[in-house]
Amino acid sequence: MPEQDFNLALPFARQTVFSPESVMLAVAGREYTYGQLGQEVAHLAGALAPRLQSRRVGILATRSLEAYVGILAACWAGAAYVPLNLKWPEERLVALLQGLELDALVVDENGAALLTPAVLEAAPDLVVLPAGLAKEAARPGQSVIERTALETAPLPGPAQVRADAVGYIIFTSGTTGMPKGVMISAGSLDHYIAQSRFWTRYTADDRIGEACDVTFDLTVHNLFLCVEAGASLHVMSQLELMAPARFIRSHELTVWMSVPTVIGLMRKSGALKPGVFPSLRMSIFCGEPLPVGAAQAWAAAAPNGRVENIYGPTECTVVCMRQTLTEPPVVTPSRGILAIGEPYPTMEVAILDEKQQPVAPGMPGEIALCGPQVGLGYFGQPELTADRFRLLDGRRWYLTGDLGSCDADGVFHHLGRVDNQVKVKGNRIELEEVDMHLRRAAGSELVATVAWPVAYGSAEGLVSFVAGSEREPEAIREAMLESLPRYMVPGAVHPLEALPQNVNGKVDRRALVAMLDSGRMAEGATAPETVA
Amino acid sequence: MTKVSAVAIVRETVLAMLAERGHRGAISDHDSLFFSGKLDSMAATEVLMLLEREIGIDLADADFDITQLDTLAQIEALIGEHA
């Protein structure tokens, strides 16, 4: 019996044969059919396939044709795709490129602007540019070439891929000062798709909005469920996301998926009026706590659809829990947010104490996940992998670091974090990672960063405190921008005589938050910038 | 707020944000600011808030087309329509 093929591009390949005339992708003002994209993907895959050694192809592109052709071609060729964030500063891009040992890098126009001599030097032997751009190779043996100029023959069909092969690597904030690359296998994604199919029920008539960068794994859900259904994916620009109402209406989207922050932005501007989105049949929110009032306001704006709140860490393949907005809603009472609901049928959820033993029913503890969606681990970080992915009673569990509880109805609730990881407008950030860079920028060990202000468990910005630094707060922030993406740089840096400590001698972050809440930092200090 | 001063404030803000984000070299009135990645979503928010305050653009209008704010020329045309 032939081995089952888990190539992630198989459903896409099927659509190129059965519905070549259907629109698959609308991006940057243009539309592309499955047939057109099939040709472009097979062409690029033909250049990638003979080069595969590490089986990793980098994607320095987002919200563009190149990003999607690059991702699908990497999959088609049988490689893992690795999206790289265009917001990363040069230093970080170089470090990650050096560690990843990519076989090729696919770049769009905005990505090409980041190809400085240092980045290009760290880039793999094949760098594929969009048509019309030219760059000098950084060294002999490196080929920097327009995608349309590749002369290799197209790869006629997707290459065979095993279930345990890495399907994609997506980076999230890490405590060590560098982001960590979460490796998800092709088999895990296959399970995810199978379990998500029955509740999303996408069809060829669906018009799915894409609000996220491809570095965020909500795009994994959208892309692979979209192509399987033969639906169309409508990619918004960063700018359109700031005021998305017109996009949703003009593209007559039937499916919306984003972080809840988008609801907040629209409510603030008054754009979220009842009935404004008649075309939406399903709206999915993920990535941060969903306040009940926000969910209900969105439901009123999209009266012909339902609202879903989904939960899960990148480490367990996009999401694995779901709660539909009902009337009355299923609420996590202490936080005023929608519950995270019940697990996918193939996934098991446990609430554990510090010794990884189950807590008493109803009690809070760390949310742990087990099942076929649990990821392979962190790229190049076996110790960190062993710390978060644990064998408990002979089975492999992922410890999420999220605090949760399970109520008498079997519904799960999210209660915050057990550590110093925070979400700022949907971006996952380890405060330790920010502090690492803050120490270096301030030239002082005595630093601490807190997420502030916080509404409904969602941080709106970061504020840092520094003791014993001779540098000006503004100079510290500027230095941090050299090595961190902007969303990880604190909006304000406050100099203090000393940092408050708790009983264990650790920096008392709660006391720092209390100082901010009481307004004691107001004098002589700059207010934190609004972060979007 | 007069039209001329609103234009001046927006232009000054945009140029300051470009400088802060390390953009070197001249920028023409027709260069893409946001689609090109020169400015990010935080900068977009700042420009929107500025336009709301200075000329009262209505972000609550469900058909407000934000893609028409991608260049300095487009932003100034919008100010011209409102002021």
# chains A, B, ... in the order shown; residues from 1 in each chain; ligands from 1
>>> residues_around(residues="Thr71 of chain B", least_positions_apart="6", cutoff="7 Å", atoms="only C-alpha atoms", output="list of chain:residue names")
B:Asp29, B:His30, B:Asp31, B:Ser32, B:Leu33
>>> interface_residues(of="chain B", to="chain A", cutoff="6 Å", atoms="only C-alpha atoms", output="list in words")
Met42, Leu59, Ala60, Ala62, Asp63 and Ile66 of chain B
>>> write_last_selection(atoms="C-alpha atoms", output="PDB file, in the first residue's frame")
ATOM      1  CA  MET B  42       0.986  52.662  14.299  1.00  0.00           C
ATOM      2  CA  LEU B  59     -14.084  57.125  10.297  1.00  0.00           C
ATOM      3  CA  ALA B  60     -17.573  55.943  11.240  1.00  0.00           C
ATOM      4  CA  ALA B  62     -18.647  52.470   6.592  1.00  0.00           C
ATOM      5  CA  ASP B  63     -17.554  53.346   3.079  1.00  0.00           C
ATOM      6  CA  ILE B  66      -8.595  54.379   3.750  1.00  0.00           C
TER       7      ILE B  66
END
>>> select_by_dssp(residues="segment 397-487 of chain A", states="strand (DSSP E)", output="number ranges by chain")
A: 397-406, 412-417, 421-424, 427-430, 447-451, 454-455, 458-459, 462-467
>>> write_last_selection(atoms="N, CA and C atoms", output="compact mmCIF listing (two decimals), in the first residue's frame")
# COMPACT_ATOMS: atom_id res chain seq x y z
N TRP A 397 2.60 16.20 26.26
CA TRP A 397 1.73 17.35 26.54
C TRP A 397 2.49 18.63 26.26
N TYR A 398 1.74 19.67 25.88
CA TYR A 398 2.32 21.00 25.79
C TYR A 398 1.78 21.85 26.94
N LEU A 399 2.70 22.45 27.70
CA LEU A 399 2.30 23.34 28.80
C LEU A 399 2.19 24.75 28.24
N THR A 400 0.99 25.31 28.26
CA THR A 400 0.75 26.57 27.54
C THR A 400 1.27 27.81 28.26
N GLY A 401 1.42 27.71 29.60
CA GLY A 401 1.74 28.93 30.34
C GLY A 401 0.51 29.80 30.56
N ASP A 402 -0.62 29.36 30.04
CA ASP A 402 -1.88 30.08 30.27
C ASP A 402 -2.56 29.53 31.51
N LEU A 403 -3.15 30.42 32.27
CA LEU A 403 -3.90 30.03 33.46
C LEU A 403 -5.35 29.82 33.05
N GLY A 404 -5.93 28.69 33.50
CA GLY A 404 -7.31 28.44 33.12
C GLY A 404 -8.03 27.59 34.15
N SER A 405 -9.32 27.38 33.91
CA SER A 405 -10.10 26.49 34.76
C SER A 405 -11.19 25.85 33.92
N CYS A 406 -11.76 24.77 34.46
CA CYS A 406 -12.84 24.08 33.77
C CYS A 406 -14.06 24.09 34.68
N PHE A 412 -14.20 25.50 29.35
CA PHE A 412 -12.93 26.03 29.83
C PHE A 412 -12.91 27.55 29.81
N HIS A 413 -12.16 28.10 30.78
CA HIS A 413 -12.04 29.56 30.90
C HIS A 413 -10.58 29.95 30.94
N HIS A 414 -10.26 31.06 30.31
CA HIS A 414 -8.90 31.57 30.28
C HIS A 414 -8.78 32.65 31.35
N LEU A 415 -7.77 32.51 32.22
CA LEU A 415 -7.68 33.42 33.38
C LEU A 415 -6.44 34.28 33.37
N GLY A 416 -5.66 34.26 32.29
CA GLY A 416 -4.44 35.08 32.24
C GLY A 416 -3.23 34.20 32.00
N ARG A 417 -2.06 34.70 32.40
CA ARG A 417 -0.82 33.96 32.18
C ARG A 417 -0.21 33.56 33.50
N GLN A 421 4.54 36.36 30.10
CA GLN A 421 4.17 36.57 28.70
C GLN A 421 2.91 37.43 28.67
N VAL A 422 2.88 38.37 27.75
CA VAL A 422 1.69 39.21 27.62
C VAL A 422 1.30 39.27 26.15
N LYS A 423 0.09 39.76 25.93
CA LYS A 423 -0.35 40.03 24.56
C LYS A 423 -0.57 41.51 24.46
N VAL A 424 0.09 42.14 23.51
CA VAL A 424 -0.16 43.54 23.26
C VAL A 424 -0.80 43.63 21.89
N ASN A 427 -0.21 40.72 19.68
CA ASN A 427 1.17 40.24 19.54
C ASN A 427 1.62 39.58 20.83
N ARG A 428 2.10 38.33 20.72
CA ARG A 428 2.56 37.62 21.90
C ARG A 428 3.96 38.12 22.25
N ILE A 429 4.15 38.58 23.47
CA ILE A 429 5.44 39.16 23.87
C ILE A 429 5.86 38.59 25.21
N GLU A 430 7.11 38.11 25.30
CA GLU A 430 7.68 37.71 26.59
C GLU A 430 8.34 38.94 27.18
N VAL A 447 16.25 46.59 35.44
CA VAL A 447 15.20 47.03 34.53
C VAL A 447 13.99 46.12 34.69
N ALA A 448 12.84 46.63 34.32
CA ALA A 448 11.63 45.80 34.30
C ALA A 448 10.62 46.44 33.36
N THR A 449 9.89 45.58 32.68
CA THR A 449 8.87 46.06 31.75
C THR A 449 7.53 45.48 32.17
N VAL A 450 6.51 46.28 32.09
CA VAL A 450 5.16 45.78 32.37
C VAL A 450 4.25 46.13 31.20
N ALA A 451 3.19 45.34 31.08
CA ALA A 451 2.17 45.63 30.08
C ALA A 451 1.18 46.59 30.71
N VAL A 454 -4.05 47.94 30.79
CA VAL A 454 -4.68 46.67 30.44
C VAL A 454 -6.20 46.81 30.52
N ALA A 455 -6.88 46.37 29.48
CA ALA A 455 -8.34 46.36 29.49
C ALA A 455 -8.81 44.97 29.10
N SER A 458 -6.30 42.48 28.07
CA SER A 458 -5.49 42.75 26.88
C SER A 458 -4.68 44.01 27.12
N ALA A 459 -3.35 43.89 26.92
CA ALA A 459 -2.51 45.06 27.14
C ALA A 459 -2.60 45.99 25.94
N LEU A 462 3.39 48.78 26.31
CA LEU A 462 4.43 48.36 27.25
C LEU A 462 5.03 49.61 27.90
N VAL A 463 5.33 49.51 29.18
CA VAL A 463 6.02 50.60 29.88
C VAL A 463 7.21 49.99 30.62
N SER A 464 8.37 50.62 30.50
CA SER A 464 9.57 50.08 31.14
C SER A 464 10.06 50.99 32.25
N PHE A 465 10.77 50.36 33.19
CA PHE A 465 11.38 51.08 34.30
C PHE A 465 12.86 50.73 34.34
N VAL A 466 13.67 51.75 34.64
CA VAL A 466 15.11 51.55 34.64
C VAL A 466 15.70 52.23 35.87
N ALA A 467 16.55 51.51 36.59
CA ALA A 467 17.28 52.12 37.71
C ALA A 467 18.77 52.04 37.39
>>> residues_around(residues="segment 257-264 of chain A", least_positions_apart="6", cutoff="7 Å", atoms="only C-alpha atoms", output="PyMOL selection string")
chain A and resi 209+211+283-288+290+294+298+425-426
>>> closest_residue(among="B:Ser41, B:Ile79, B:Ile9, B:Leu69", to="Gly56 of chain B", atoms="only C-alpha atoms")
B:Ile79
>>> residues_around(residues="Leu18 of chain B", least_positions_apart="4", cutoff="8 Å", atoms="only C-alpha atoms", output="VMD selection string")
chain B and resid 14 22 to 23 38 to 39
>>> residues_around(residues="Thr175 of chain A", least_positions_apart="3", cutoff="8 Å", atoms="only C-alpha atoms", output="PyMOL selection string")
chain A and resi 178-179+430-433
>>> write_last_selection(atoms="C-alpha atoms", output="PDB file, in the first residue's frame")
ATOM      1  CA  MET A 178      15.355  35.946  20.325  1.00  0.00           C
ATOM      2  CA  PRO A 179      12.027  34.669  18.982  1.00  0.00           C
ATOM      3  CA  GLU A 430       7.676  37.709  26.586  1.00  0.00           C
ATOM      4  CA  LEU A 431       8.495  40.531  28.985  1.00  0.00           C
ATOM      5  CA  GLU A 432      11.874  38.886  29.641  1.00  0.00           C
ATOM      6  CA  GLU A 433      12.735  39.255  25.978  1.00  0.00           C
TER       7      GLU A 433
END
>>> select_by_dssp(residues="chain B", states="helix (DSSP H, G or I)", output="PyMOL selection string")
chain B and resi 3-20+41-55+66-69+72-82
>>> closest_residue(among="A:Ser196, A:Ser483, A:Ser173, A:Thr33", to="Leu438 of chain A", atoms="only C-alpha atoms")
A:Ser483
>>> closest_residue(among="B:Ser5, B:Thr13, B:Ser36, B:Ser28", to="Ser64 of chain A", atoms="only C-alpha atoms")
B:Ser36
>>> residues_around(residues="segment 323-326 of chain A", least_positions_apart="4", cutoff="7 Å", atoms="only C-alpha atoms", output="MDAnalysis selection string")
chainID A and resid 307:310 330 339:342
>>> closest_residue(among="A:Thr219, A:Glu474, A:His191, A:Pro328", to="Val374 of chain A", atoms="only C-alpha atoms")
A:His191
